[in-house]
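Novice: Can you keep this structure in mind? I'll have questions shortly.
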Amino acid sequence: MPPLNDINSETLGTVEALTQSGYKYGFTTDIEMDLAPLGLNEDIVRLISARKNEPQWMLDWRLKAFALWQTMTEPNWAQIGYPPIDYQGIHYYAAPVKKAGPKSLDEVDPELLRTYEKLGIPLRERAILAGVEGADQPSQIAVDAVFDSVSVATTFRETLSKSGVIFCPISEAVRDHPDLVKQYLGSVVPQGDNYFAALNCAVFTDGSFVYIPKGVRCPMELSTYFRINARNTGQFERTLIIAEAGAYVSYLEGCTAPQRDENQLHAAVVELVVMDDAQIKYSTVQNWYPGDADGKGGIYNFVTKRGACRGARSKISWTQVETGSAITWKYPSCVLEGDDSVGEFYSVAVTNNRQQADTGTKMIHVGRNTKSTIVSKGISAGYSNNTYRGLVRITQRAKGARNHTQCDSLLIGEHCGAHTVPYIESRNPTAKVEHEATTSKIAEDQLFYCRQRGLSQEDAVGLIVNGFCKDVLKELPMEFAVEAQKLLAVSLEGSVG
Amino acid sequence: MSVLTYSGIEGFFARFAALRPHLPGDVAARDRAAAILRVQGLPSIRDEAWKYTNLRPVAQASFQSAATADPSALLARLPQLNAPRLVMVDGHYLATLSTLPPQVKCLPFAAAPKFGTLANPACEPMVALNTMLAEDGFSLTIPANIDAGLIVIAHLTTAARSTHPRHAITLEEGARASLLEIYLGEGAYLHNPVTEIHIGEGANLTHARLQDEAEEGFHLGTIYARIAAHSIYDSFSLNIGARLSRTELHASLAGAHATAHLNAAQILTGVQHADFTTIVSHDAPHGASRQTVKNALAGRSRGVFQGKIHVARGAQKTDGYQMNQALLLSPDAEIDSKPQLEIYADDVKCSHGATIGELDADQLFYLRSRGVPESQARGMLVRAFLSDAIDMVANGASRAVLETAVELWWQRHPA
């Protein structure tokens, strides 16, 4: 066993080696693209709407958002720094050229199918079904694959529609289910909510739409896989999930991008609506390209995610594992309107090299006896900065509301930063709010204990970091938990502070 | 001297224009502060640091300039302690009313104007306002290895003033002192003091503050403390007065093995608003900071706590802890709490905790069932809640003054 003071440099070296070669999704796909001209103006918004064959109301909605966006300024309160974003230097629409819309998966460009295979995302239903009969049973997951600005394939749609579940690209929902979209789009995150949300409302190109009817438990996990591929593009996807009374759905989101020297902008909006006794479980493994060891390149990830617990006893559970992106600006939130509704937020955020993350949640308690739980684990290494920023607001009506927050940060190496910024506002005396936060490094006695029992340095750290994140990882669906653990290993294996 | 009435930020600038030729000290520093204030204006709730405290009532109030009023009524309200005291009336040091322990030096700002090295007008608009308008203040020095014992500092403010005194407290190496600052006033006024505290190596300052400004008064105080190696700054603030107050405390643990305690309690009722904001900077290794902050809020009052612990790169082995607890005693009270950790060193132990709730129904029931009337029972529980923080005041005489103030508050406003 090396003496403890040597571990630091040795393991930091390991981290470096891993993170420089660790991003295995950095390839690009060579495919013919249909690109909108660079820049953003009303014509571009019209062009996007036209490409999507959208009805007039949708275009009007976008134009209103665009007008709002032009009056807004970029927020600067987050603990992140980046050169100004050139909003005129981005293609706001990028789609693989396709011939008259593929009717089945067989007509999808084989180059695209190969891309998703390489990413480990199965788009062929048969392949998965065959797997079900095998000994090593993967469970069924329906996938919506979004490639740059458009959805290229959605699997298991027929199986799902048998139980009444709608799972389709949002652009299709605008055409096929306009009443639902009109009713709910922007009802949780309105057009003028914030700078990046307004931008998204104006130029969003695709994303997933999920509707679970009354009393239906979605028969399989749903997932969307986002891939940025084209150069100088931004991805602006929009997800809308509605769970009617008594419904349940578990939804997974994954994302990757090629390794490039320039930064790319990703500004998504996710809206969840949950009625009486319904539940949405939303899990994310965010693995956008984080940039290289010197902070060159990487995705700027400015995301607005919010769910409204509209019904009594409804529940929203956000689980996120954030390992990618050069900048993460993301606060999945719950507006607990229904009495006895429940909001949960479980987060692991890992930053390394020059990554910056400012992430957390907002729990707005409106209804009576609403409950929320926040568990956040931040791990910073290298020269990165990792901030938890979270709001718990108890409004005057929220009698008997309850919140518990636990934020822990782990620092690995002496050049990184770990920050905690909770905002706690209470206007009801019967509410109980508790917040705890700690910051530390991996305890030397824990490491010593593991090493003394014969674990290698790598395994010991892996064990301790996994233990540190356990409360969050156990909330992830099986398939994702495995991927998340692997990701943690890639980012931090062998790190000791 | 004729009486002039002025209001709003333009009023402050007009006041500055009128006073400028007569103000003591470096006029260039004042002009710079004025320029900063011109650009930034008074802080608004859009500024992250002022998110929870709206200064509109201050901006809308009007103030008067007039000759120093008779402080005898306020003097009579001071607790009778057998200790030396400094008396400030409307921001002016009154040597005739003050007594000093032997070897301790005190110079009025008007005679030896120094703006100090810690205050930062560029970042704090209220400090810029103070820098622009400071006319007087005290500068207290405890020489090396002297134990000055207890010194009472009374700040008395009379109606309609806006005073911006500039104070300095210096403890040389190995010095010790226990300060009890008491803020009293009458009528509506603005008290905007800035205090710089330098604690030399191995020195020990206990600093108790009783902010009991008049019901209509505004108190916006900023304190900067620099704590050298192996020295201790032990401070406690009890905020019970003023319609709107903010105590902003910046403590820098500048030398290794420095210790800072920034404890506070706020008891508010009616439409009172009190903001306790701390910024603890661990700038050297082996520092320890401790904070216990309690809010007991009745009526339509609003309590604010913002506490930031900043650990600089290299400040290894830092041990930072912060606890803030709030009791909401009425359905219309509000607490806003923003504890914050900003950490750039890995070998540290930092944590904070926050709890918000109402009085424990079981505890109330226990007391009621033993025949204690409800309002008394509530009083007992609230005082027990506050005593966690007040018990930490090391100086017995200071602690007794604070306890009495809480007691009197409870008699006046049973909540």
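The chains in the structure tokens are called A, B, ... from first to last as shown; in each chain the residues are counted from 1, and the ligands are counted from 1 in the order shown.
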Within 8 Å of Ala484 (chain A), counting only C-alpha atoms, which residues qualify if same-chain residues fewer than 6 places away don't, as a ChimeraX atom specification?

Specialist: /A:285,321,473

Novice: For Thr370 (chain A), list every protein, DNA or RNA residue within 8 Å, evaluated using only C-alpha atoms, and leave out those in the same chain fewer than 3 positions away; present the list as a ChimeraX atom specification.

Specialist: /A:336,338-342,365-367,398,400-402

Novice: Can you list every residue in region 126-339 of chain B that DSSP puts in helix (DSSP H, G or I), as a ChimeraX atom specification?

Specialist: /B:126-133

Novice: Residues of chain A within 7 Å of chain B, counting only C-alpha atoms - could you list those as a PyMOL selection string?

Specialist: chain A and resi 411-441+497

Novice: Give me, as number ranges by chain, all polymer residues having an atom no more than 9 Å from region 155-159 of chain B, counting only C-alpha atoms and skipping those fewer than 5 positions away in the same chain.

Specialist: B: 63-64, 68-71, 74-75, 86-91, 181-191, 213-214, 217

Novice: Using N, CA and C atoms, can you export the residues from the last selection as a short mmCIF file (atom, residue, chain, number, x, y, z; two decimals), in the first residue's frame?

Specialist:
```cif
data_model
loop_
_atom_site.label_atom_id
_atom_site.label_comp_id
_atom_site.auth_asym_id
_atom_site.auth_seq_id
_atom_site.Cartn_x
_atom_site.Cartn_y
_atom_site.Cartn_z
N PHE B 63 -35.48 62.57 5.97
CA PHE B 63 -34.67 62.80 7.16
C PHE B 63 -34.34 64.27 7.25
N GLN B 64 -33.89 64.67 8.44
CA GLN B 64 -33.54 66.08 8.64
C GLN B 64 -32.13 66.20 9.17
N THR B 68 -27.25 68.52 17.28
CA THR B 68 -27.37 67.35 18.15
C THR B 68 -28.44 67.58 19.23
N ALA B 69 -29.34 66.59 19.35
CA ALA B 69 -30.44 66.74 20.29
C ALA B 69 -30.01 66.34 21.70
N ASP B 70 -30.89 66.58 22.65
CA ASP B 70 -30.62 66.24 24.04
C ASP B 70 -30.82 64.73 24.25
N PRO B 71 -29.78 64.01 24.62
CA PRO B 71 -29.90 62.55 24.72
C PRO B 71 -30.32 62.06 26.10
N LEU B 74 -32.72 59.07 26.49
CA LEU B 74 -32.15 57.81 26.03
C LEU B 74 -31.07 57.31 26.99
N LEU B 75 -30.29 58.26 27.50
CA LEU B 75 -29.23 57.89 28.45
C LEU B 75 -29.81 57.17 29.66
N LEU B 86 -18.56 54.27 26.26
CA LEU B 86 -18.45 55.29 25.23
C LEU B 86 -19.87 55.66 24.85
N VAL B 87 -20.12 56.95 24.64
CA VAL B 87 -21.47 57.34 24.25
C VAL B 87 -21.42 58.05 22.90
N MET B 88 -22.23 57.55 21.98
CA MET B 88 -22.39 58.17 20.66
C MET B 88 -23.80 58.72 20.61
N VAL B 89 -23.94 59.98 20.25
CA VAL B 89 -25.28 60.53 20.08
C VAL B 89 -25.41 61.01 18.64
N ASP B 90 -26.40 60.52 17.94
CA ASP B 90 -26.61 60.83 16.53
C ASP B 90 -25.31 60.67 15.73
N GLY B 91 -24.57 59.64 16.08
CA GLY B 91 -23.36 59.34 15.32
C GLY B 91 -22.14 60.13 15.75
N GLU B 181 -22.32 46.56 22.88
CA GLU B 181 -22.85 47.70 22.13
C GLU B 181 -24.37 47.70 22.26
N ILE B 182 -24.92 48.87 22.61
CA ILE B 182 -26.36 48.98 22.77
C ILE B 182 -26.87 50.08 21.85
N TYR B 183 -27.87 49.74 21.03
CA TYR B 183 -28.43 50.70 20.09
C TYR B 183 -29.83 51.08 20.56
N LEU B 184 -30.00 52.36 20.87
CA LEU B 184 -31.32 52.85 21.28
C LEU B 184 -31.66 54.09 20.47
N GLY B 185 -32.94 54.41 20.37
CA GLY B 185 -33.29 55.62 19.64
C GLY B 185 -34.72 56.00 19.88
N GLU B 186 -35.10 57.16 19.30
CA GLU B 186 -36.51 57.55 19.37
C GLU B 186 -36.95 58.12 18.04
N GLY B 187 -38.20 57.81 17.68
CA GLY B 187 -38.77 58.32 16.43
C GLY B 187 -38.32 57.51 15.23
N ALA B 188 -38.47 58.13 14.05
CA ALA B 188 -38.09 57.47 12.80
C ALA B 188 -36.75 58.04 12.36
N TYR B 189 -35.81 57.16 12.07
CA TYR B 189 -34.47 57.63 11.67
C TYR B 189 -33.76 56.51 10.95
N LEU B 190 -32.61 56.85 10.37
CA LEU B 190 -31.77 55.84 9.74
C LEU B 190 -30.42 55.82 10.44
N HIS B 191 -30.04 54.66 10.91
CA HIS B 191 -28.73 54.49 11.53
C HIS B 191 -27.95 53.52 10.66
N GLU B 213 -33.27 49.42 18.51
CA GLU B 213 -33.59 50.72 17.93
C GLU B 213 -35.09 50.98 18.07
N ALA B 214 -35.46 52.26 17.88
CA ALA B 214 -36.87 52.63 18.03
C ALA B 214 -37.74 51.90 17.02
N GLY B 217 -37.53 53.08 13.63
CA GLY B 217 -36.18 53.32 13.12
C GLY B 217 -35.74 52.30 12.07
#
```

Novice: Show me, as a list of chain:residue names, the residues that have an atom within 10 Å of Gln60 (chain B) when counting only C-alpha atoms, minus same-chain residues fewer than 5 positions from it.

Specialist: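 Residues near the query, excluding close chain neighbours: B:Ser7, B:Gly8, B:Ile9, B:Leu55.
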
Novice: Within 6 Å of Ser208 (chain A), counting only C-alpha atoms, which residues show up once you throw out same-chain ones fewer than 6 positions away? Write them as a PyMOL selection string, please.

Specialist: chain A and resi 168-170+239

Novice: Taking the backbone alone, and naming residues the way the document does, which bits of region 344-406 of chain B are strand (DSSP E) by DSSP, as a list of chain:residue names?

Specialist: B:Lys349, B:Cys350, B:Ser351, B:His352, B:Gly353, B:Ala354, B:Thr355, B:Ile356, B:Gly357
